[in-house]
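Visitor: This is the structure I want to talk about, given as structure tokens.
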Amino acid sequence: MPGWFISLEGIEGAGKTTQMHLLADWLQRQGHTVLTTWEPGGTELGQSLRQLLLHHRLPHRTELLLYAADRATHIAEVLQPALQTHQVVLCDRYTDSTVAYQGYGRGMDLHLIDQVNTIATGGLMPDLTLWLDVPVEVGLRRARGRGDLNAIEQESFAFHERVRQGYQALAKQYPQRICRIDAASDVETVFKQIRAAIAGRWREPASECQ
Ligand code: TYD
């Protein structure tokens with residue numbers, strides 16, 4: 001049995017990081033070996049790419065290719081080895097972020113994005129994607145409350161609205177992989193939905209999320 005690959009997705013301030021850590025603890029208590037990781041930046045090279053990506057305004061194609069380079073490195077050095085040793089991998093952002101941000105947010109051609117994602121991943125896709133969905137005003141208020149905004153967080157409200165629409169479109173396109181979690185409520189209520197989504201998927205691997 002290969003390991004299990006779960007990605008977490010959502011706009012800024014959706015609460016992915018908090019939920020990822022709660023989920024890791026919960027899975028560990030059930031006896032799973034869990035690896036938590038993130039994009040961009042889950043490797044040494046990735047840390048340098050993350051600095052470039054989040055602190056500079058880059059041409060769109062440069063940005064797209066740097067996210068792809070980060071991902072290819074991350075897969076080779078972190079994701080593949082963990083999955084091959086049967087770990088549960090929790091990844092904060094993956095290919096859906098590129099579709100949502102570079103595709104819908106920046107308006108880049110979606111077919112081109114798919115091609116670049118395929119080159120970067122060699123087809124490795126999550127078994128399950130938890131899309132933490134919040135209205136843009138809620139997410140941005142939370143993100144801005146943390147202070148110190150990165151280049152993407154400083155984008156316009158309309159940009160983040162398009163990103164959210166991108167996630168909506170992806171969830172519709174891949175109902176078996178992507179589970180929408182209503183992330184506007186408190187931490188425990190959101191986590192309860194996540195546990196239910198995972199338990200449902202383990203019971204019935206081919207099911208669609210509700
Ligand atoms: P992240 O560290 O998850 O920031 P946050 O905690 O604010 O969500 O992600 C950093 C930024 O990178 C985020 O604003 C979205 C962006 N991003 C892309 O635009 N495309 C991508 O493919 C990925 C992985 C991230």
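Lettering and numbering for the structure tokens are positional, with chains as A, B, ... in the shown order, residues counted from 1 in each chain, and ligands counted from 1 in the shown order.
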Ligand 1: which residues are within 7 Å, counting only C-alpha atoms and all ligand atoms, as a list in words?
Guide: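 Within the 7 Å cut-off, the matching residues are Ile11, Glu12, Gly13, Thr17, Glu39, Pro40, Leu54, Tyr67, Asp92, Arg93, Tyr94, Thr95, Ser97, Thr98, Tyr101, Gln102, Ala143, Ile152 and Glu153 of chain A.
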Visitor: Need the shell around A:Ala196: protein/DNA/RNA residues with any atom at most 12 Å away, counting only C-alpha atoms. Skip same-chain ones fewer than 2 positions apart. Format as a PyMOL selection string?
Guide: chain A and resi 23+130+179-181+189-194+198-203+209-210
Visitor: Counting only C-alpha atoms, figure out which residue out of A:Ala171, A:Ala183, A:Leu112, A:Leu90 gets nearest to A:Gly15.
Guide: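 Going through A:Ala171, A:Ala183, A:Leu112, A:Leu90 one by one, the smallest distance to A:Gly15 is for A:Ala183.
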Visitor: Which polymer residues have any atom within 10 Å of an atom of A:Ala24, counting only C-alpha atoms, with same-chain residues fewer than 3 positions away left out, as a PyMOL selection string?
Guide: chain A and resi 19-21+27-30+32-36+88-90
Visitor: Go through A:Pro2, A:Glu44, A:Asp96, A:Leu58 and flag the residue nearest A:Val163, using only C-alpha atoms for the distances.
Guide: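 Comparing A:Pro2, A:Glu44, A:Asp96, A:Leu58 against A:Val163, the winner is A:Asp96.
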Visitor: To one decimal place in Å, what is the distance between atom CA of A:Glu161 and atom CA of A:Glu137?
Guide: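 Distance between the two atoms: 9.2 Å.
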Visitor: Using only C-alpha atoms, determine which residues lie at most 12 Å from A:Ile119, disregarding the query and same-chain residues fewer than 2 positions distant; provide the list as an MDAnalysis selection string.
Guide: chainID A and resid 65 67:69 71:73 75 95 112:117 121:124
Visitor: Need to verify the contact set: A:Thr129, 8 Å, only C-alpha atoms, exclusion of same-chain residues closer than 5 positions in sequence. Can you return it as a ChimeraX atom specification?
Guide: /A:6-9,177-179
Visitor: Please identify which residues in stretch 48-209 of chain A DSSP calls alpha helix (DSSP H) from the backbone, and express them as a PDB file with C-alpha atoms, in the first residue's frame.
Guide:
ATOM      1  CA  SER A  48      14.909  30.334  -1.741  1.00  0.00           C
ATOM      2  CA  LEU A  49      12.167  30.115  -4.359  1.00  0.00           C
ATOM      3  CA  ARG A  50       9.593  31.091  -1.738  1.00  0.00           C
ATOM      4  CA  GLN A  51      11.568  34.249  -0.937  1.00  0.00           C
ATOM      5  CA  LEU A  52      11.621  35.185  -4.612  1.00  0.00           C
ATOM      6  CA  LEU A  53       7.968  34.364  -5.152  1.00  0.00           C
ATOM      7  CA  LEU A  54       6.491  36.095  -2.145  1.00  0.00           C
ATOM      8  CA  HIS A  55       8.636  39.209  -2.028  1.00  0.00           C
ATOM      9  CA  HIS A  60       3.563  35.884 -14.732  1.00  0.00           C
ATOM     10  CA  ARG A  61       5.344  33.152 -16.671  1.00  0.00           C
ATOM     11  CA  THR A  62       8.383  33.418 -14.413  1.00  0.00           C
ATOM     12  CA  GLU A  63       6.129  33.056 -11.382  1.00  0.00           C
ATOM     13  CA  LEU A  64       4.386  30.019 -12.900  1.00  0.00           C
ATOM     14  CA  LEU A  65       7.679  28.293 -13.669  1.00  0.00           C
ATOM     15  CA  LEU A  66       9.138  28.994 -10.231  1.00  0.00           C
ATOM     16  CA  TYR A  67       6.094  27.436  -8.543  1.00  0.00           C
ATOM     17  CA  ALA A  68       6.574  24.451 -10.862  1.00  0.00           C
ATOM     18  CA  ALA A  69      10.280  24.213  -9.994  1.00  0.00           C
ATOM     19  CA  ASP A  70       9.427  24.357  -6.302  1.00  0.00           C
ATOM     20  CA  ARG A  71       6.860  21.582  -6.768  1.00  0.00           C
ATOM     21  CA  ALA A  72       9.104  19.283  -8.805  1.00  0.00           C
ATOM     22  CA  THR A  73      11.824  19.558  -6.162  1.00  0.00           C
ATOM     23  CA  HIS A  74       9.328  19.045  -3.358  1.00  0.00           C
ATOM     24  CA  GLN A  80       7.706  10.683  -3.065  1.00  0.00           C
ATOM     25  CA  PRO A  81      10.020   9.366  -0.331  1.00  0.00           C
ATOM     26  CA  ALA A  82       7.302   9.855   2.305  1.00  0.00           C
ATOM     27  CA  LEU A  83       4.584   8.197   0.230  1.00  0.00           C
ATOM     28  CA  GLN A  84       6.883   5.302  -0.637  1.00  0.00           C
ATOM     29  CA  THR A  95      -1.388  22.078  -7.964  1.00  0.00           C
ATOM     30  CA  ASP A  96      -4.872  23.517  -7.301  1.00  0.00           C
ATOM     31  CA  SER A  97      -3.180  26.659  -5.942  1.00  0.00           C
ATOM     32  CA  LEU A 110      -5.688  27.131 -17.956  1.00  0.00           C
ATOM     33  CA  HIS A 111      -4.471  24.619 -20.524  1.00  0.00           C
ATOM     34  CA  LEU A 112      -0.932  25.978 -20.185  1.00  0.00           C
ATOM     35  CA  ILE A 113      -1.195  25.713 -16.391  1.00  0.00           C
ATOM     36  CA  ASP A 114      -2.311  22.085 -16.654  1.00  0.00           C
ATOM     37  CA  GLN A 115       0.647  21.323 -18.900  1.00  0.00           C
ATOM     38  CA  VAL A 116       3.110  22.933 -16.507  1.00  0.00           C
ATOM     39  CA  ASN A 117       1.523  21.161 -13.534  1.00  0.00           C
ATOM     40  CA  THR A 118       1.816  17.833 -15.353  1.00  0.00           C
ATOM     41  CA  ILE A 119       5.476  18.452 -16.107  1.00  0.00           C
ATOM     42  CA  ALA A 120       6.133  19.371 -12.477  1.00  0.00           C
ATOM     43  CA  THR A 121       4.217  16.481 -10.914  1.00  0.00           C
ATOM     44  CA  VAL A 136     -12.984  36.724   0.591  1.00  0.00           C
ATOM     45  CA  GLU A 137     -13.850  39.428   3.130  1.00  0.00           C
ATOM     46  CA  VAL A 138     -13.495  36.912   5.989  1.00  0.00           C
ATOM     47  CA  GLY A 139     -10.229  35.452   4.698  1.00  0.00           C
ATOM     48  CA  LEU A 140      -8.594  38.794   4.002  1.00  0.00           C
ATOM     49  CA  ARG A 141      -9.649  40.178   7.374  1.00  0.00           C
ATOM     50  CA  ARG A 142      -7.970  37.207   9.074  1.00  0.00           C
ATOM     51  CA  ALA A 143      -4.838  37.430   6.886  1.00  0.00           C
ATOM     52  CA  ARG A 144      -4.551  41.191   7.395  1.00  0.00           C
ATOM     53  CA  GLY A 145      -5.003  40.713  11.131  1.00  0.00           C
ATOM     54  CA  PHE A 157     -10.203  42.018  -3.514  1.00  0.00           C
ATOM     55  CA  ALA A 158     -11.210  41.135  -7.104  1.00  0.00           C
ATOM     56  CA  PHE A 159      -8.069  38.995  -7.498  1.00  0.00           C
ATOM     57  CA  HIS A 160      -8.926  36.956  -4.392  1.00  0.00           C
ATOM     58  CA  GLU A 161     -12.543  36.679  -5.549  1.00  0.00           C
ATOM     59  CA  ARG A 162     -11.314  35.137  -8.820  1.00  0.00           C
ATOM     60  CA  VAL A 163      -9.054  32.749  -6.878  1.00  0.00           C
ATOM     61  CA  ARG A 164     -12.051  31.604  -4.847  1.00  0.00           C
ATOM     62  CA  GLN A 165     -14.034  31.119  -8.067  1.00  0.00           C
ATOM     63  CA  GLY A 166     -11.139  29.026  -9.338  1.00  0.00           C
ATOM     64  CA  TYR A 167     -11.447  26.708  -6.350  1.00  0.00           C
ATOM     65  CA  GLN A 168     -15.210  26.530  -6.920  1.00  0.00           C
ATOM     66  CA  ALA A 169     -14.632  25.471 -10.523  1.00  0.00           C
ATOM     67  CA  LEU A 170     -12.026  22.878  -9.506  1.00  0.00           C
ATOM     68  CA  ALA A 171     -14.325  21.376  -6.854  1.00  0.00           C
ATOM     69  CA  LYS A 172     -17.026  21.018  -9.480  1.00  0.00           C
ATOM     70  CA  GLN A 173     -14.591  19.451 -11.937  1.00  0.00           C
ATOM     71  CA  VAL A 187     -11.718  26.188  14.500  1.00  0.00           C
ATOM     72  CA  GLU A 188     -13.432  23.201  16.180  1.00  0.00           C
ATOM     73  CA  THR A 189     -16.470  23.266  13.855  1.00  0.00           C
ATOM     74  CA  VAL A 190     -14.204  23.349  10.816  1.00  0.00           C
ATOM     75  CA  PHE A 191     -12.064  20.526  12.181  1.00  0.00           C
ATOM     76  CA  LYS A 192     -15.171  18.411  12.775  1.00  0.00           C
ATOM     77  CA  GLN A 193     -16.073  18.689   9.088  1.00  0.00           C
ATOM     78  CA  ILE A 194     -12.522  17.711   8.132  1.00  0.00           C
ATOM     79  CA  ARG A 195     -12.626  14.595  10.320  1.00  0.00           C
ATOM     80  CA  ALA A 196     -15.982  13.652   8.791  1.00  0.00           C
ATOM     81  CA  ALA A 197     -14.627  14.125   5.251  1.00  0.00           C
ATOM     82  CA  ILE A 198     -11.619  11.910   5.950  1.00  0.00           C
ATOM     83  CA  ALA A 199     -13.618   9.223   7.728  1.00  0.00           C
ATOM     84  CA  GLY A 200     -16.100   9.189   4.827  1.00  0.00           C
ATOM     85  CA  ARG A 201     -13.324   8.820   2.300  1.00  0.00           C
ATOM     86  CA  TRP A 202     -11.644   5.993   4.191  1.00  0.00           C
ATOM     87  CA  ARG A 203     -14.979   4.139   4.363  1.00  0.00           C
TER      88      ARG A 203
END
Visitor: Identify, with DSSP run on backbone atoms, the residues in stretch 8-195 of chain A assigned to strand (DSSP E), and express the list as a list in words.
Guide: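 Those residues are Leu8, Glu9, Val34, Leu35, Thr36, Thr37, Trp38, Val88, Val89, Leu90, Cys91, Asp92, Leu128, Thr129, Leu130, Trp131, Leu132, Asp133, Ile178, Cys179, Arg180, Ile181 and Asp182 of chain A.
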Visitor: Pick from A:Val78, A:Ala14, A:Ala151, A:Leu132: nearest to A:Asp182, with only C-alpha atoms counted?
Guide: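 For A:Asp182, the nearest of the candidates is A:Leu132.
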Visitor: Would you work out the distance separating atom CA of A:Arg106 from atom CA of A:Arg57, expressed in Å to one decimal?
Guide: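 Atom-to-atom, atom CA of A:Arg106 and atom CA of A:Arg57 are spaced 12.3 Å apart.
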Visitor: Any idea what the distance is between atom CA of A:Ser207 and atom CA of A:Gly31?
Guide: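 Those two atoms sit 24.2 Å apart.
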